[in-house]
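Chemist: Okay, here's the structure, questions in a sec.
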Amino acid sequence: MSTSNGHVIHTQELSKSYQGVNALQGLNLQVPKNSIYGFLGPNGAGKSTTIKMLLGLTRPTAGKALIFGKDITRESLAVRRKVGYLAQDPRYYGHMTARQTLRYTARFFYSGPKDLIEARIEEMLALVGLDDKADRPIKGFSGGERQRLGIAQAEVNYPDLLILDEPAAALDPMGRRDVLEVMEKLRKYTTIFYSTHILDDVQRVSDRVAILNHGRLVAEAPIEELLNGNGSAPVYSVTIKGDASQAQKRVAGQAWVQALTAEAKDGLTTWQVSVNEEEAAEDQMLCLILEDRNLRVKSFGRKTHNLEEVFVSMVGEEKSK
């Protein structure tokens with residue numbers, strides 16, 4: 001593998017084993033520039049192992065990976081100059097303030113005029129919403145505030161890639177919301193690759209998702225594709241008021257319908273219609289139903305899944321193999 005094909009991260013059959021136990025097996029990822037890429041999996045799936053290899057903290061057993069076209073093993077120092085990293089449980093000197101902590105970190109990267117360094121620190125404090133707490137000791141910070149400070153620390157050198165390991169895992173709902181809002185703000189500045197097992201977070205902010213289970217990649221696609229069935233036949237859900245038996249026969253007999261199931265409850269009939277031509281379904285289905293003037297369509301639309309359904313289905317399929 002000699003090219004990243006324009007992707008920020010490009011892995012090919014990346015693998016890691018410890019004393020004969022496979023922690024990661026044949027991982028193939030492509031992370032687009034300026035995306036928020038969710039790396040999803042249950043605890044022990046291999047997410048942290050992958051991150052350690054990308055950062056050059058452990059070496060692959062097999063396979064390769066490029067970050068910005070540079071090999072993670074042979075060019076690890078060059079890679080790390082362009083990467084910011086937030087550990088799952090960042091540690092700080094509790095007596096120091098957020099401003100002092102960022103100043104300390106910035107000095108590893110900048111040797112220029114003091115006023116420019118201070119301006120960068122102010123910019124980061126404002127970005128993560130800590131400008132009003134900049135001069136308070138960190139020991140009094142909440143979990144969410146500590147995570148946001150960690151993101152500021154990781155972003156202080158203008159990295160082209162942010163790698164975040166479970167950035168919202170131990171936070172309450174408000175803390176998680178604040179961290180996700182910061183991630184969304186950073187989209188225009190950098191690429192974000194983050195691991196998590198919190199499905200709602202992935203569905204809220206991610207452009208693209210990889211699902212890992214027992215060290216194997218079980219799915220990798222844009223979030224919209226996963227929520228729409230990841231290549232499976234589109235399904236339309238229709239709720240009808242009135243006797244829909246004749247309409248059901250008309251619709252089920254169309255060449256573009258693969259399957260139609262119906263469930264009646266409280267005077268309403270709900271169809272799940274699997275189709276092989278979306279355009280035909282959207283153009284014709286309602287017309288076919290409304291040939292019966294006594295029918296009323298209460299709802300009509302393509303069925304989408306939530307990420308929990310997709311995740312449970314894919315992980316369950318993997319377990320059954």
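As shown in the structure tokens, the chain order sets the letters A, B, ...; within each chain, residues go from 1, and ligands are also counted from 1 in the order they appear.
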Extract, using only C-alpha atoms, all DNA, RNA and protein residues at most 8 Å from Thr261 of chain A, discarding same-chain residues fewer than 2 positions from it, and format them as a VMD selection string.
Modeler: chain A and resid 259 263 271 to 273
Chemist: Save out the residues we just selected, C-alpha atoms, as a short mmCIF file (atom, residue, chain, number, x, y, z; two decimals), in the first residue's frame.
Modeler:
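Resulting contents of part10.cif:
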data_model
loop_
_atom_site.label_atom_id
_atom_site.label_comp_id
_atom_site.auth_asym_id
_atom_site.auth_seq_id
_atom_site.Cartn_x
_atom_site.Cartn_y
_atom_site.Cartn_z
CA ALA A 259 -42.89 -8.13 -0.38
CA GLU A 263 -50.96 -5.34 10.32
CA TRP A 271 -48.08 -1.91 5.53
CA GLN A 272 -44.38 -2.61 5.28
CA VAL A 273 -43.62 -2.66 1.55
#
Chemist: Wanna dump the segment 33-103 of chain A-segment 107-125 of chain A contacts at 10 Å for me, each residue with its shortest atom pair and the distance in Å to one decimal, counting only C-alpha atoms, ordered by chain and number, as CSV?
Modeler:
residue,atom,partner,partner_atom,distance
A:Arg81,CA,A:Phe109,CA,9.2
A:Ala98,CA,A:Leu125,CA,8.0
A:Arg99,CA,A:Ile121,CA,6.9
A:Gln100,CA,A:Ile121,CA,9.3
A:Thr101,CA,A:Ile121,CA,9.6
A:Leu102,CA,A:Ile121,CA,6.2
A:Arg103,CA,A:Arg107,CA,6.4
Chemist: Pull all heavy atoms from the residues just selected and write them as a tab-separated table (two decimals), in the first residue's frame.
Modeler:
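As written to disk, again-v4.tsv reads:
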chain	number	residue	atom	x	y	z
A	81	ARG	N	3.03	14.64	14.50
A	81	ARG	CA	3.08	16.10	14.42
A	81	ARG	C	1.77	16.68	13.88
A	81	ARG	O	1.47	17.85	14.11
A	81	ARG	CB	4.25	16.54	13.53
A	81	ARG	CG	5.62	16.28	14.13
A	81	ARG	CD	6.70	16.94	13.31
A	81	ARG	NE	8.02	16.60	13.83
A	81	ARG	CZ	8.84	15.67	13.28
A	81	ARG	NH1	8.43	15.03	12.19
A	81	ARG	NH2	9.99	15.41	13.81
A	98	ALA	N	-7.25	25.94	33.75
A	98	ALA	CA	-7.37	25.56	32.33
A	98	ALA	C	-6.39	26.38	31.49
A	98	ALA	O	-5.73	25.84	30.58
A	98	ALA	CB	-8.80	25.77	31.85
A	99	ARG	N	-6.27	27.66	31.78
A	99	ARG	CA	-5.37	28.52	31.01
A	99	ARG	C	-3.91	28.06	31.19
A	99	ARG	O	-3.14	27.98	30.22
A	99	ARG	CB	-5.51	29.98	31.46
A	99	ARG	CG	-4.77	30.95	30.57
A	99	ARG	CD	-4.81	32.37	31.14
A	99	ARG	NE	-6.14	32.81	31.47
A	99	ARG	CZ	-7.01	33.31	30.59
A	99	ARG	NH1	-6.67	33.40	29.31
A	99	ARG	NH2	-8.20	33.71	30.98
A	100	GLN	N	-3.53	27.77	32.42
A	100	GLN	CA	-2.16	27.33	32.67
A	100	GLN	C	-1.87	26.01	31.98
A	100	GLN	O	-0.78	25.79	31.44
A	100	GLN	CB	-1.93	27.20	34.18
A	100	GLN	CG	-1.87	28.53	34.92
A	100	GLN	CD	-1.89	28.35	36.43
A	100	GLN	OE1	-2.39	27.34	36.96
A	100	GLN	NE2	-1.35	29.33	37.15
A	101	THR	N	-2.87	25.11	31.97
A	101	THR	CA	-2.69	23.81	31.33
A	101	THR	C	-2.49	23.96	29.82
A	101	THR	O	-1.60	23.33	29.23
A	101	THR	CB	-3.91	22.91	31.61
A	101	THR	OG1	-4.02	22.71	33.01
A	101	THR	CG2	-3.79	21.57	30.90
A	102	LEU	N	-3.29	24.81	29.19
A	102	LEU	CA	-3.13	25.02	27.75
A	102	LEU	C	-1.82	25.75	27.43
A	102	LEU	O	-1.18	25.48	26.42
A	102	LEU	CB	-4.32	25.81	27.21
A	102	LEU	CG	-5.66	25.06	27.20
A	102	LEU	CD1	-6.75	25.95	26.60
A	102	LEU	CD2	-5.57	23.76	26.42
A	103	ARG	N	-1.44	26.67	28.31
A	103	ARG	CA	-0.16	27.37	28.11
A	103	ARG	C	1.00	26.37	28.17
A	103	ARG	O	1.94	26.43	27.36
A	103	ARG	CB	-0.01	28.45	29.15
A	103	ARG	CG	1.21	29.34	28.96
A	103	ARG	CD	1.27	30.39	30.05
A	103	ARG	NE	0.17	31.35	29.94
A	103	ARG	CZ	-0.54	31.79	30.98
A	103	ARG	NH1	-0.29	31.35	32.21
A	103	ARG	NH2	-1.50	32.66	30.80
Chemist: Just checking: using only C-alpha atoms, which residue out of A:Gln246, A:Gln153, A:Asn228, A:Asn28 ends up closest to Ala210 of chain A?
Modeler: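 Going through A:Gln246, A:Gln153, A:Asn228, A:Asn28 one by one, the smallest distance to Ala210 of chain A is for A:Asn28.
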Chemist: Just the residues within 12 Å of Ala262 of chain A, please, counting only C-alpha atoms, with nothing from its chain fewer than 4 positions along; format it as a list of chain:residue names.
Modeler: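 Contacts, in chain order: A:Tyr236, A:Ser237, A:Val238, A:Thr239, A:Ile240, A:Asp243, A:Ala244, A:Ser245, A:Ala247, A:Gln248, A:Lys249, A:Val251, A:Ala252, A:Leu268, A:Thr269, A:Thr270, A:Trp271, A:Gln272, A:Val273, A:Ser274.
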Chemist: For each of A:Leu161, A:Ala134, A:Val218, A:Leu149, take the minimum atom-to-atom distance to Ala45 of chain A, counting only C-alpha atoms, then give the residue where this is smallest.
Modeler: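 Of A:Leu161, A:Ala134, A:Val218, A:Leu149, the one nearest Ala45 of chain A, counting only C-alpha atoms, is A:Val218.
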Chemist: What parts of segment 10-218 of chain A does DSSP call alpha helix (DSSP H)? I'd like the answer as a count of residues only.
Modeler: 70
Chemist: Could you give me, as an MDAnalysis selection string, each residue of segment 141-252 of chain A that DSSP assigns to strand (DSSP E or B) when run on this structure's backbone?
Modeler: chainID A and resid 161:165 191:196 208:213 216:222 235:241
Chemist: May I have the residues from that selection written out with N, CA and C atoms, as a CSV table (one decimal), in the first residue's frame?
Modeler:
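What landed in result-v4.csv:
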chain,number,residue,atom,x,y,z
A,161,LEU,N,-5.8,16.2,12.2
A,161,LEU,CA,-6.6,15.0,12.6
A,161,LEU,C,-6.7,15.0,14.1
A,162,LEU,N,-7.9,14.8,14.6
A,162,LEU,CA,-8.1,14.6,16.1
A,162,LEU,C,-8.6,13.2,16.3
A,163,ILE,N,-7.9,12.5,17.2
A,163,ILE,CA,-8.3,11.2,17.5
A,163,ILE,C,-8.8,11.2,19.0
A,164,LEU,N,-10.0,10.9,19.2
A,164,LEU,CA,-10.6,11.0,20.5
A,164,LEU,C,-11.1,9.6,21.0
A,165,ASP,N,-10.6,9.1,22.1
A,165,ASP,CA,-10.9,7.8,22.6
A,165,ASP,C,-12.1,7.9,23.6
A,191,THR,N,-10.2,16.8,10.8
A,191,THR,CA,-10.9,15.5,10.7
A,191,THR,C,-11.0,14.9,12.1
A,192,ILE,N,-12.1,14.4,12.5
A,192,ILE,CA,-12.3,13.8,13.8
A,192,ILE,C,-12.5,12.3,13.6
A,193,PHE,N,-11.7,11.5,14.3
A,193,PHE,CA,-11.8,10.0,14.3
A,193,PHE,C,-12.0,9.7,15.8
A,194,TYR,N,-13.2,9.2,16.2
A,194,TYR,CA,-13.4,9.0,17.6
A,194,TYR,C,-14.1,7.6,17.8
A,195,SER,N,-13.7,7.0,18.9
A,195,SER,CA,-14.2,5.7,19.3
A,195,SER,C,-15.3,5.9,20.3
A,196,THR,N,-16.3,5.0,20.3
A,196,THR,CA,-17.4,5.1,21.3
A,196,THR,C,-18.2,3.9,21.3
A,208,ARG,N,-19.7,9.2,8.9
A,208,ARG,CA,-19.4,7.9,8.5
A,208,ARG,C,-19.2,7.0,9.7
A,209,VAL,N,-19.5,5.8,9.7
A,209,VAL,CA,-19.4,4.9,10.8
A,209,VAL,C,-18.8,3.6,10.5
A,210,ALA,N,-17.9,3.1,11.3
A,210,ALA,CA,-17.4,1.7,11.3
A,210,ALA,C,-17.9,1.0,12.5
A,211,ILE,N,-18.4,-0.3,12.4
A,211,ILE,CA,-18.8,-1.1,13.5
A,211,ILE,C,-17.8,-2.2,13.7
A,212,LEU,N,-17.3,-2.3,14.9
A,212,LEU,CA,-16.3,-3.3,15.2
A,212,LEU,C,-16.8,-4.3,16.2
A,213,ASN,N,-16.5,-5.6,16.1
A,213,ASN,CA,-17.0,-6.5,17.1
A,213,ASN,C,-16.0,-7.7,17.1
A,216,ARG,N,-13.2,-7.6,14.6
A,216,ARG,CA,-13.5,-7.7,13.2
A,216,ARG,C,-14.4,-6.5,12.8
A,217,LEU,N,-14.2,-6.0,11.6
A,217,LEU,CA,-15.1,-5.0,11.1
A,217,LEU,C,-16.3,-5.7,10.5
A,218,VAL,N,-17.5,-5.3,11.0
A,218,VAL,CA,-18.7,-5.9,10.5
A,218,VAL,C,-19.5,-5.0,9.6
A,219,ALA,N,-19.2,-3.7,9.7
A,219,ALA,CA,-19.9,-2.7,8.7
A,219,ALA,C,-19.1,-1.4,8.7
A,220,GLU,N,-19.1,-0.8,7.5
A,220,GLU,CA,-18.4,0.5,7.3
A,220,GLU,C,-19.1,1.2,6.2
A,221,ALA,N,-19.8,2.4,6.5
A,221,ALA,CA,-20.6,3.1,5.5
A,221,ALA,C,-20.9,4.5,6.0
A,222,PRO,N,-21.4,5.3,5.1
A,222,PRO,CA,-22.0,6.6,5.6
A,222,PRO,C,-23.2,6.3,6.5
A,235,VAL,N,-37.6,-0.2,2.2
A,235,VAL,CA,-38.9,-0.5,2.7
A,235,VAL,C,-39.7,0.8,3.0
A,236,TYR,N,-40.9,0.8,2.5
A,236,TYR,CA,-41.8,1.9,2.7
A,236,TYR,C,-42.9,1.5,3.8
A,237,SER,N,-43.2,2.4,4.7
A,237,SER,CA,-44.2,2.2,5.7
A,237,SER,C,-45.4,3.0,5.3
A,238,VAL,N,-46.6,2.4,5.3
A,238,VAL,CA,-47.8,3.1,4.9
A,238,VAL,C,-48.9,2.8,6.0
A,239,THR,N,-49.5,3.8,6.5
A,239,THR,CA,-50.7,3.6,7.4
A,239,THR,C,-51.9,4.1,6.8
A,240,ILE,N,-53.0,3.3,6.7
A,240,ILE,CA,-54.2,3.6,6.0
A,240,ILE,C,-55.4,3.4,6.9
A,241,LYS,N,-56.4,4.3,6.7
A,241,LYS,CA,-57.6,4.2,7.4
A,241,LYS,C,-58.7,3.7,6.4
Chemist: Point out the residue among A:Asp71, A:Tyr93, A:Gly242, A:Glu13 with the least atom-to-atom distance to Asn294 of chain A, counting only C-alpha atoms.
Modeler: A:Gly242
Chemist: What separation in Å, quoted to one decimal, exists between atom CA of Gly84 of chain A and atom CA of Leu40 of chain A?
Modeler: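 Between atom CA of Gly84 of chain A and atom CA of Leu40 of chain A the gap is 19.7 Å.
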Chemist: For Arg146 of chain A, which of A:Ala281, A:Leu307, A:Val179, A:Leu127 is the closest residue, counting only C-alpha atoms?
Modeler: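 Closest candidate: A:Val179.
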Chemist: Identify, on the basis of only C-alpha atoms, every residue whose closest approach to segment 197-199 of chain A does not exceed 12 Å; exclude the query and any residue fewer than 4 positions from it along the same chain; express the result as a PyMOL selection string.
Modeler: chain A and resi 38-48+165-171+173+176+180+203-206+209-213+223+306-312
Chemist: Export C-alpha atoms of the chosen residues as a compact mmCIF listing (two decimals), in the first residue's frame?
Modeler:
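Full text of out-v5.txt as output:
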# COMPACT_ATOMS: atom_id res chain seq x y z
CA GLY A 38 -17.51 7.21 14.46
CA PHE A 39 -15.58 4.06 15.40
CA LEU A 40 -18.25 2.04 17.13
CA GLY A 41 -18.15 -1.20 19.08
CA PRO A 42 -18.81 -2.81 22.45
CA ASN A 43 -16.16 -2.81 25.14
CA GLY A 44 -13.29 -5.10 24.15
CA ALA A 45 -14.05 -4.86 20.41
CA GLY A 46 -10.56 -3.58 19.53
CA LYS A 47 -11.19 0.17 19.32
CA SER A 48 -8.44 1.26 21.73
CA ASP A 165 -10.93 7.78 22.60
CA GLU A 166 -14.44 7.51 24.11
CA PRO A 167 -14.73 11.30 24.58
CA ALA A 168 -18.20 11.19 26.19
CA ALA A 169 -18.29 7.72 27.74
CA ALA A 170 -18.38 8.66 31.43
CA LEU A 171 -20.42 11.86 31.16
CA PRO A 173 -26.37 13.80 29.33
CA ARG A 176 -22.18 14.55 26.53
CA LEU A 180 -20.67 16.69 20.94
CA GLN A 203 -26.12 8.94 15.12
CA ARG A 204 -26.12 12.60 16.13
CA VAL A 205 -22.73 13.82 14.85
CA SER A 206 -21.09 11.26 12.58
CA VAL A 209 -19.43 4.89 10.83
CA ALA A 210 -17.44 1.70 11.27
CA ILE A 211 -18.80 -1.06 13.51
CA LEU A 212 -16.25 -3.34 15.15
CA ASN A 213 -16.98 -6.54 17.07
CA ILE A 223 -24.41 6.99 8.48
CA ASN A 306 -32.08 3.81 14.27
CA LEU A 307 -28.46 2.96 14.88
CA GLU A 308 -29.29 0.68 17.81
CA GLU A 309 -31.33 -1.57 15.50
CA VAL A 310 -28.51 -1.67 12.95
CA PHE A 311 -25.86 -2.32 15.60
CA VAL A 312 -27.77 -5.09 17.40
Chemist: Just how far from atom CA of Ala152 of chain A is atom CA of Val31 of chain A, in Å to one decimal?
Modeler: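 Spanning atom CA of Val31 of chain A to atom CA of Ala152 of chain A is a straight-line distance of 22.1 Å.
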Chemist: Between A:Glu184, A:Glu278, A:Asp135, A:Asp201, which residue has the minimum interatomic distance to Gly301 of chain A, considering only C-alpha atoms?
Modeler: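 Nearest candidate to Gly301 of chain A out of A:Glu184, A:Glu278, A:Asp135, A:Asp201: A:Glu278.
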Chemist: Determine, counting only C-alpha atoms, which protein, DNA and RNA residues have an atom within 12 Å of an atom of Leu57 of chain A; residues of the same chain fewer than 2 positions away are not included. Present the result as a list in words.
Modeler: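 Selected residues are Ser48, Thr49, Thr50, Ile51, Lys52, Met53, Leu54, Leu55, Arg59, Pro60, Ile72, Thr73, Ser76, Leu77, Val79, Arg80 and Tyr85 of chain A.
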Chemist: Generate the output file for the selected residues, C-alpha atoms, as a PDB file, in the first residue's frame.
Modeler:
ATOM      1  CA  SER A  48      -8.443   1.256  21.728  1.00  0.00           C
ATOM      2  CA  THR A  49      -6.001  -1.199  20.163  1.00  0.00           C
ATOM      3  CA  THR A  50      -6.628   0.415  16.782  1.00  0.00           C
ATOM      4  CA  ILE A  51      -6.090   3.905  18.191  1.00  0.00           C
ATOM      5  CA  LYS A  52      -2.818   2.871  19.844  1.00  0.00           C
ATOM      6  CA  MET A  53      -1.536   1.572  16.505  1.00  0.00           C
ATOM      7  CA  LEU A  54      -2.583   4.713  14.641  1.00  0.00           C
ATOM      8  CA  LEU A  55      -0.696   6.818  17.205  1.00  0.00           C
ATOM      9  CA  ARG A  59       3.092  -1.898  16.363  1.00  0.00           C
ATOM     10  CA  PRO A  60       0.783  -3.893  14.117  1.00  0.00           C
ATOM     11  CA  ILE A  72       2.274   4.713  10.921  1.00  0.00           C
ATOM     12  CA  THR A  73       5.209   2.429  11.699  1.00  0.00           C
ATOM     13  CA  SER A  76       5.353   7.660  13.273  1.00  0.00           C
ATOM     14  CA  LEU A  77       6.948  10.947  14.397  1.00  0.00           C
ATOM     15  CA  VAL A  79       2.331  11.393  11.727  1.00  0.00           C
ATOM     16  CA  ARG A  80       2.108  12.527  15.328  1.00  0.00           C
ATOM     17  CA  TYR A  85      -5.163  13.014  20.803  1.00  0.00           C
TER      18      TYR A  85
END
